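K.L.:
Can you keep this structure in mind? I'll have questions shortly.
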Amino acid sequence: YGYIDHSGNEIIDCVHTEVKQGTSLSVFLKKDDKWALFNPNGDNLTGYIYNNVSGFENGLSAVSVSADNKEKYGFVNDMGKEIIPLIYQSASNFNYGYAVVKSADNEAFFVNTKGEKMNDIIYNDAKAFSEGLAAVENEFYKYGFIDVEGNEVIPCEFATVSWFKEGLVAVSKKMDNGKTLFGYIDKEGKSVTQFEYEAANDFQEGVACVKKDGK
């Protein structure tokens with residue numbers, strides 16, 4: 001892959017194996033297993049240094065490099081400037097103004113586009129926001145949901161959770177018989193189905209695929 005201008009001039013050489021669109025001002029291109037960020041003039045803004053890159057959300061892209069035999073994540077803008085230092089062991093995309101990052105101590109928390117923490121609460125795990133709510137895992141390895149202000153709006157009582165889609169989310173609980181079964185709850189935490197499914201996928205266009213009694 002490469003890029004040409006309106007006159008057919010090749011402004012970025014066709015030597016890349018993958019392309020990931022950035023913004024109107026940038027594009028990620030992969031060469032020899034490393035990614036670099038280019039501008040529309042064909043300038044390589046960062047060099048081929050990134051192991052992983054994401055799409056841009058809220059003006060930032062999560063990127064990672066190898067450092068001290070570990071993967072380190074942070075965020076850059078569409079000009080290739082490092083906005084949030086590459087110091088985290090993982091990082092999600094931004095959504096609703098926040099991204100989930102994990103520290104070297106395996107502590108999960110939310111940061112804004114300036115790298116500032118949402119609050120002082122540390123989680124075992126967390127997922128990116130979807131439909132205004134984000135899943136978080138407490139110290140007892142139970143999941144619940146917070147809103148964009150960091151308030152716990154659905155108690156941490158589930159074994160696993162997915163992301164909210166079409167106002168509902170698949171969650172699971174360990175039942176009295178020892179089995180872990182899935183059901184769906186709404187944004188108020190109310191069950192809209194029984195916990196009777198062995199597997200449950202996200203809703204899409206009004207329907208969700210589930211597995212029951214082995215089928």
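In the structure tokens, the first chain shown is A, the next is B, and so on; residue numbers restart at 1 for each chain, and ligands run from 1 in the order shown.
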So which residues of chain A fall under strand (DSSP E or B) by DSSP, listed as an MDAnalysis selection string?
P.N.:
chainID A and resid 3:4 10:12 18:23 26:31 34:38 44 50 52:53 57 60:67 70:76 82:88 90:91 95 98:102 108:111 117 123 125:126 130 133:137 143:146 152:158 160:161 165 168:174 180:186 191 197 199:200 204 207 210:211
K.L.:
Quick one: residues within 7 Å of region 196-203 of chain A, only C-alpha atoms counted, chain neighbours fewer than 3 positions away excluded, as a PyMOL selection string?
P.N.:
chain A and resi 165-166+169-170+181-183+206-212
K.L.:
How would the residues just picked look written out with N, CA and C atoms as a PDB file, in the first residue's frame?
P.N.:
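What ended up in part_4.pdb:
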```pdb
ATOM      1  N   LYS A 165     -25.578  -2.724  24.310  1.00  0.00           N
ATOM      2  CA  LYS A 165     -25.986  -2.540  22.927  1.00  0.00           C
ATOM      3  C   LYS A 165     -27.506  -2.484  22.885  1.00  0.00           C
ATOM      4  N   GLU A 166     -28.040  -1.451  22.270  1.00  0.00           N
ATOM      5  CA  GLU A 166     -29.486  -1.280  22.147  1.00  0.00           C
ATOM      6  C   GLU A 166     -30.181  -1.304  23.518  1.00  0.00           C
ATOM      7  N   VAL A 169     -27.556  -5.484  28.003  1.00  0.00           N
ATOM      8  CA  VAL A 169     -26.227  -6.081  28.055  1.00  0.00           C
ATOM      9  C   VAL A 169     -26.332  -7.510  28.572  1.00  0.00           C
ATOM     10  N   ALA A 170     -25.521  -8.404  28.002  1.00  0.00           N
ATOM     11  CA  ALA A 170     -25.433  -9.787  28.474  1.00  0.00           C
ATOM     12  C   ALA A 170     -24.516  -9.843  29.690  1.00  0.00           C
ATOM     13  N   LEU A 181     -24.468 -19.069  34.220  1.00  0.00           N
ATOM     14  CA  LEU A 181     -25.466 -18.863  33.177  1.00  0.00           C
ATOM     15  C   LEU A 181     -25.642 -17.380  32.877  1.00  0.00           C
ATOM     16  N   PHE A 182     -26.090 -17.106  31.666  1.00  0.00           N
ATOM     17  CA  PHE A 182     -26.223 -15.739  31.185  1.00  0.00           C
ATOM     18  C   PHE A 182     -27.679 -15.291  31.125  1.00  0.00           C
ATOM     19  N   GLY A 183     -27.840 -13.976  31.269  1.00  0.00           N
ATOM     20  CA  GLY A 183     -29.121 -13.325  31.060  1.00  0.00           C
ATOM     21  C   GLY A 183     -28.852 -11.905  30.596  1.00  0.00           C
ATOM     22  N   GLY A 206     -32.103  -5.532  17.068  1.00  0.00           N
ATOM     23  CA  GLY A 206     -33.256  -6.075  17.771  1.00  0.00           C
ATOM     24  C   GLY A 206     -33.182  -7.535  18.159  1.00  0.00           C
ATOM     25  N   VAL A 207     -32.127  -8.239  17.793  1.00  0.00           N
ATOM     26  CA  VAL A 207     -32.020  -9.662  18.128  1.00  0.00           C
ATOM     27  C   VAL A 207     -30.631  -9.959  18.686  1.00  0.00           C
ATOM     28  N   ALA A 208     -30.537 -11.064  19.457  1.00  0.00           N
ATOM     29  CA  ALA A 208     -29.257 -11.506  20.014  1.00  0.00           C
ATOM     30  C   ALA A 208     -29.201 -13.025  19.940  1.00  0.00           C
ATOM     31  N   CYS A 209     -28.050 -13.558  19.609  1.00  0.00           N
ATOM     32  CA  CYS A 209     -27.844 -15.005  19.536  1.00  0.00           C
ATOM     33  C   CYS A 209     -27.543 -15.540  20.933  1.00  0.00           C
ATOM     34  N   VAL A 210     -28.257 -16.608  21.331  1.00  0.00           N
ATOM     35  CA  VAL A 210     -28.059 -17.228  22.645  1.00  0.00           C
ATOM     36  C   VAL A 210     -27.935 -18.750  22.469  1.00  0.00           C
ATOM     37  N   LYS A 211     -27.372 -19.379  23.491  1.00  0.00           N
ATOM     38  CA  LYS A 211     -27.246 -20.840  23.513  1.00  0.00           C
ATOM     39  C   LYS A 211     -27.950 -21.371  24.749  1.00  0.00           C
ATOM     40  N   LYS A 212     -28.791 -22.390  24.553  1.00  0.00           N
ATOM     41  CA  LYS A 212     -29.584 -22.938  25.653  1.00  0.00           C
ATOM     42  C   LYS A 212     -29.687 -24.453  25.491  1.00  0.00           C
TER      43      LYS A 212
END
```
K.L.:
So which residues touch region 60-70 of chain A within 12 Å, counting only C-alpha atoms, skipping near sequence neighbours fewer than 6 positions away, as a PDB file with C-alpha atoms, in the first residue's frame?
P.N.:
```pdb
ATOM      1  CA  LYS A  20      -5.336   1.994   9.010  1.00  0.00           C
ATOM      2  CA  GLN A  21      -7.114   5.268   8.401  1.00  0.00           C
ATOM      3  CA  GLY A  22      -6.407   7.889  11.002  1.00  0.00           C
ATOM      4  CA  THR A  23      -8.111  11.240  10.421  1.00  0.00           C
ATOM      5  CA  SER A  26      -3.193  11.336   9.015  1.00  0.00           C
ATOM      6  CA  VAL A  27      -2.984   7.644   8.215  1.00  0.00           C
ATOM      7  CA  PHE A  28      -1.179   4.709   9.834  1.00  0.00           C
ATOM      8  CA  ASP A  33       5.746  -5.359  11.304  1.00  0.00           C
ATOM      9  CA  LYS A  34       5.954  -1.753  12.562  1.00  0.00           C
ATOM     10  CA  TRP A  35       3.461   1.100  12.167  1.00  0.00           C
ATOM     11  CA  ALA A  36       4.129   4.744  11.373  1.00  0.00           C
ATOM     12  CA  LEU A  37       1.873   7.787  11.114  1.00  0.00           C
ATOM     13  CA  THR A  46       6.718   9.197  13.866  1.00  0.00           C
ATOM     14  CA  GLY A  47       8.993   6.680  12.209  1.00  0.00           C
ATOM     15  CA  TYR A  48       8.163   2.977  12.102  1.00  0.00           C
ATOM     16  CA  ILE A  49       8.082   2.426  15.854  1.00  0.00           C
ATOM     17  CA  TYR A  50       4.645   1.176  16.889  1.00  0.00           C
ATOM     18  CA  ASN A  51       3.710  -2.465  17.433  1.00  0.00           C
ATOM     19  CA  ASN A  52      -0.014  -1.720  17.659  1.00  0.00           C
ATOM     20  CA  VAL A  53      -2.216   1.236  16.733  1.00  0.00           C
ATOM     21  CA  SER A  54      -5.940   1.926  17.003  1.00  0.00           C
ATOM     22  CA  VAL A  76      -0.777  10.172  20.180  1.00  0.00           C
ATOM     23  CA  ASN A  77      -2.692  12.838  18.253  1.00  0.00           C
ATOM     24  CA  ASP A  78      -3.058  12.990  14.458  1.00  0.00           C
ATOM     25  CA  MET A  79       0.152  15.014  14.179  1.00  0.00           C
ATOM     26  CA  GLY A  80       2.129  12.227  15.834  1.00  0.00           C
ATOM     27  CA  LYS A  81       2.591  14.092  19.110  1.00  0.00           C
ATOM     28  CA  GLU A  82       2.595  11.943  22.244  1.00  0.00           C
ATOM     29  CA  ILE A  83      -0.244  13.300  24.378  1.00  0.00           C
ATOM     30  CA  ILE A  84      -0.439  10.569  27.022  1.00  0.00           C
ATOM     31  CA  PRO A  85       2.896   8.854  27.850  1.00  0.00           C
ATOM     32  CA  LEU A  86       3.482   5.270  26.713  1.00  0.00           C
ATOM     33  CA  ILE A  87       3.656   3.832  30.233  1.00  0.00           C
ATOM     34  CA  TYR A  88       0.617   1.552  30.457  1.00  0.00           C
ATOM     35  CA  GLN A  89       0.398  -2.200  29.919  1.00  0.00           C
ATOM     36  CA  SER A  90      -2.883  -1.815  28.030  1.00  0.00           C
ATOM     37  CA  ALA A  91      -5.187   0.930  26.761  1.00  0.00           C
ATOM     38  CA  SER A  92      -8.631   1.056  25.192  1.00  0.00           C
ATOM     39  CA  ASN A  93      -9.947   3.547  22.656  1.00  0.00           C
ATOM     40  CA  PHE A  94     -11.515   6.728  23.965  1.00  0.00           C
ATOM     41  CA  ASN A  95     -15.281   6.750  24.257  1.00  0.00           C
ATOM     42  CA  GLY A  97     -14.243  11.269  26.727  1.00  0.00           C
ATOM     43  CA  TYR A  98     -12.498   8.470  28.656  1.00  0.00           C
ATOM     44  CA  ALA A  99     -10.222   5.510  27.976  1.00  0.00           C
ATOM     45  CA  VAL A 100      -9.396   2.531  30.185  1.00  0.00           C
ATOM     46  CA  VAL A 101      -5.708   2.000  30.967  1.00  0.00           C
ATOM     47  CA  ALA A 104       2.348  -1.710  35.500  1.00  0.00           C
ATOM     48  CA  ASN A 112      -9.452  11.716  30.041  1.00  0.00           C
ATOM     49  CA  THR A 113      -7.817  13.078  26.879  1.00  0.00           C
ATOM     50  CA  LYS A 114      -5.268  14.941  29.019  1.00  0.00           C
ATOM     51  CA  GLY A 115      -4.239  11.745  30.809  1.00  0.00           C
TER      52      GLY A 115
END
```
K.L.:
Restricting the calculation to only C-alpha atoms, which member of A:Asn106, A:Thr160, A:Asn9, A:Gln194 is positioned closest to Lys174 (chain A)?
P.N.:
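That would be A:Thr160, the residue with the smallest distance to Lys174 (chain A).
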K.L.:
Could you tell me how far CA of Phe56 (chain A) sits from CA of Leu133 (chain A), in Å to one decimal place?
P.N.:
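These atoms are spaced 20.2 Å apart.
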K.L.:
List as a list of chain:residue names the protein and nucleic acid residues near Ala135 (chain A), meaning an atom at most 7 Å away when only C-alpha atoms are counted, but skip any in the same chain fewer than 3 places from it.
P.N.:
A:Ala126, A:Lys127, A:Tyr143, A:Gly144, A:Phe145, A:Ile146
K.L.:
Calculated over only C-alpha atoms, which of the candidates A:Tyr184, A:Tyr123, A:Tyr96, A:Phe164 has the smallest distance to Val148 (chain A)?
P.N.:
A:Tyr96
K.L.:
Separation of CA of Pro155 (chain A) and CA of Glu107 (chain A), in Å?
P.N.:
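Atom-to-atom, CA of Pro155 (chain A) to CA of Glu107 (chain A), that is 19.7 Å.
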K.L.:
What's the separation between CA of Phe129 (chain A) and CA of Trp163 (chain A), in Å to one decimal place?
P.N.:
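Between CA of Phe129 (chain A) and CA of Trp163 (chain A) the gap works out to 7.9 Å.
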K.L.:
Quick one: residues within 8 Å of Gly2 (chain A), only C-alpha atoms, excluding same-chain residues fewer than 4 positions away - as a list in words?
P.N.:
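The neighbour list is Glu10, Ile11, Ile12, Asp13, Cys14, Val15 and His16 of chain A.
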K.L.:
Might you pull out every residue within 9 Å of Ala159 (chain A), with only C-alpha atoms counted and same-chain residues fewer than 2 positions away left off, and present them as a ChimeraX atom specification?
P.N.:
/A:141-143,156-157,161,171-174,180
K.L.:
Deliver the residues from the most recent selection as a file, using all heavy atoms, as a tab-separated table (two decimals), in the first residue's frame.
P.N.:
```tsv
chain	number	residue	atom	x	y	z
A	141	TYR	N	-13.71	-9.58	42.30
A	141	TYR	CA	-13.82	-10.16	40.95
A	141	TYR	C	-15.26	-10.23	40.47
A	141	TYR	O	-15.67	-11.17	39.78
A	141	TYR	CB	-13.16	-11.55	40.91
A	141	TYR	CG	-11.71	-11.51	41.34
A	141	TYR	CD1	-11.34	-11.89	42.64
A	141	TYR	CD2	-10.71	-11.05	40.48
A	141	TYR	CE1	-10.02	-11.83	43.05
A	141	TYR	CE2	-9.39	-10.99	40.89
A	141	TYR	CZ	-9.05	-11.38	42.17
A	141	TYR	OH	-7.73	-11.30	42.58
A	142	LYS	N	-16.02	-9.21	40.82
A	142	LYS	CA	-17.40	-9.09	40.36
A	142	LYS	C	-17.54	-7.81	39.53
A	142	LYS	O	-16.97	-6.77	39.87
A	142	LYS	CB	-18.37	-9.04	41.54
A	142	LYS	CG	-18.39	-10.31	42.39
A	142	LYS	CD	-19.00	-11.49	41.62
A	142	LYS	CE	-19.14	-12.70	42.52
A	142	LYS	NZ	-19.71	-13.86	41.79
A	143	TYR	N	-18.34	-7.91	38.47
A	143	TYR	CA	-18.53	-6.79	37.56
A	143	TYR	C	-19.84	-6.05	37.82
A	143	TYR	O	-20.86	-6.66	38.15
A	143	TYR	CB	-18.55	-7.27	36.11
A	143	TYR	CG	-17.19	-7.58	35.53
A	143	TYR	CD1	-16.68	-8.87	35.59
A	143	TYR	CD2	-16.44	-6.59	34.91
A	143	TYR	CE1	-15.44	-9.18	35.03
A	143	TYR	CE2	-15.20	-6.88	34.35
A	143	TYR	CZ	-14.71	-8.18	34.42
A	143	TYR	OH	-13.48	-8.47	33.88
A	156	CYS	N	-21.77	-4.25	41.49
A	156	CYS	CA	-20.81	-5.27	41.04
A	156	CYS	C	-21.22	-6.63	41.61
A	156	CYS	O	-20.86	-6.98	42.75
A	156	CYS	CB	-19.40	-4.91	41.47
A	156	CYS	SG	-18.73	-3.44	40.66
A	157	GLU	N	-21.97	-7.39	40.83
A	157	GLU	CA	-22.48	-8.68	41.28
A	157	GLU	C	-22.46	-9.75	40.19
A	157	GLU	O	-22.96	-10.86	40.41
A	157	GLU	CB	-23.91	-8.54	41.81
A	157	GLU	CG	-24.88	-7.97	40.80
A	157	GLU	CD	-26.27	-7.71	41.38
A	157	GLU	OE1	-26.36	-7.36	42.58
A	157	GLU	OE2	-27.25	-7.86	40.65
A	161	VAL	N	-19.44	-9.75	32.04
A	161	VAL	CA	-20.35	-8.80	31.40
A	161	VAL	C	-19.83	-8.48	30.00
A	161	VAL	O	-18.64	-8.64	29.72
A	161	VAL	CB	-20.48	-7.48	32.20
A	161	VAL	CG1	-21.06	-7.73	33.57
A	161	VAL	CG2	-19.14	-6.77	32.30
A	171	VAL	N	-24.99	-10.48	30.75
A	171	VAL	CA	-24.22	-10.65	31.98
A	171	VAL	C	-24.37	-12.09	32.45
A	171	VAL	O	-25.31	-12.78	32.06
A	171	VAL	CB	-24.68	-9.68	33.09
A	171	VAL	CG1	-24.46	-8.24	32.68
A	171	VAL	CG2	-26.15	-9.91	33.43
A	172	SER	N	-23.46	-12.54	33.29
A	172	SER	CA	-23.56	-13.91	33.80
A	172	SER	C	-23.42	-13.95	35.31
A	172	SER	O	-22.80	-13.07	35.92
A	172	SER	CB	-22.50	-14.82	33.16
A	172	SER	OG	-21.21	-14.52	33.66
A	173	LYS	N	-24.02	-14.99	35.88
A	173	LYS	CA	-23.93	-15.24	37.32
A	173	LYS	C	-23.64	-16.72	37.55
A	173	LYS	O	-24.05	-17.56	36.74
A	173	LYS	CB	-25.25	-14.89	38.01
A	173	LYS	CG	-25.52	-13.43	38.22
A	173	LYS	CD	-26.80	-13.24	39.02
A	173	LYS	CE	-27.07	-11.78	39.35
A	173	LYS	NZ	-28.29	-11.61	40.17
A	174	LYS	N	-22.96	-17.02	38.65
A	174	LYS	CA	-22.77	-18.39	39.06
A	174	LYS	C	-23.98	-18.82	39.88
A	174	LYS	O	-24.30	-18.22	40.90
A	174	LYS	CB	-21.49	-18.55	39.88
A	174	LYS	CG	-21.12	-20.01	40.14
A	174	LYS	CD	-19.72	-20.13	40.75
A	174	LYS	CE	-19.32	-21.58	40.90
A	174	LYS	NZ	-17.95	-21.72	41.44
A	180	THR	N	-22.44	-21.45	35.53
A	180	THR	CA	-22.48	-20.03	35.21
A	180	THR	C	-23.41	-19.85	34.02
A	180	THR	O	-23.19	-20.42	32.95
A	180	THR	CB	-21.09	-19.50	34.86
A	180	THR	OG1	-20.23	-19.63	36.01
A	180	THR	CG2	-21.15	-18.03	34.47
```
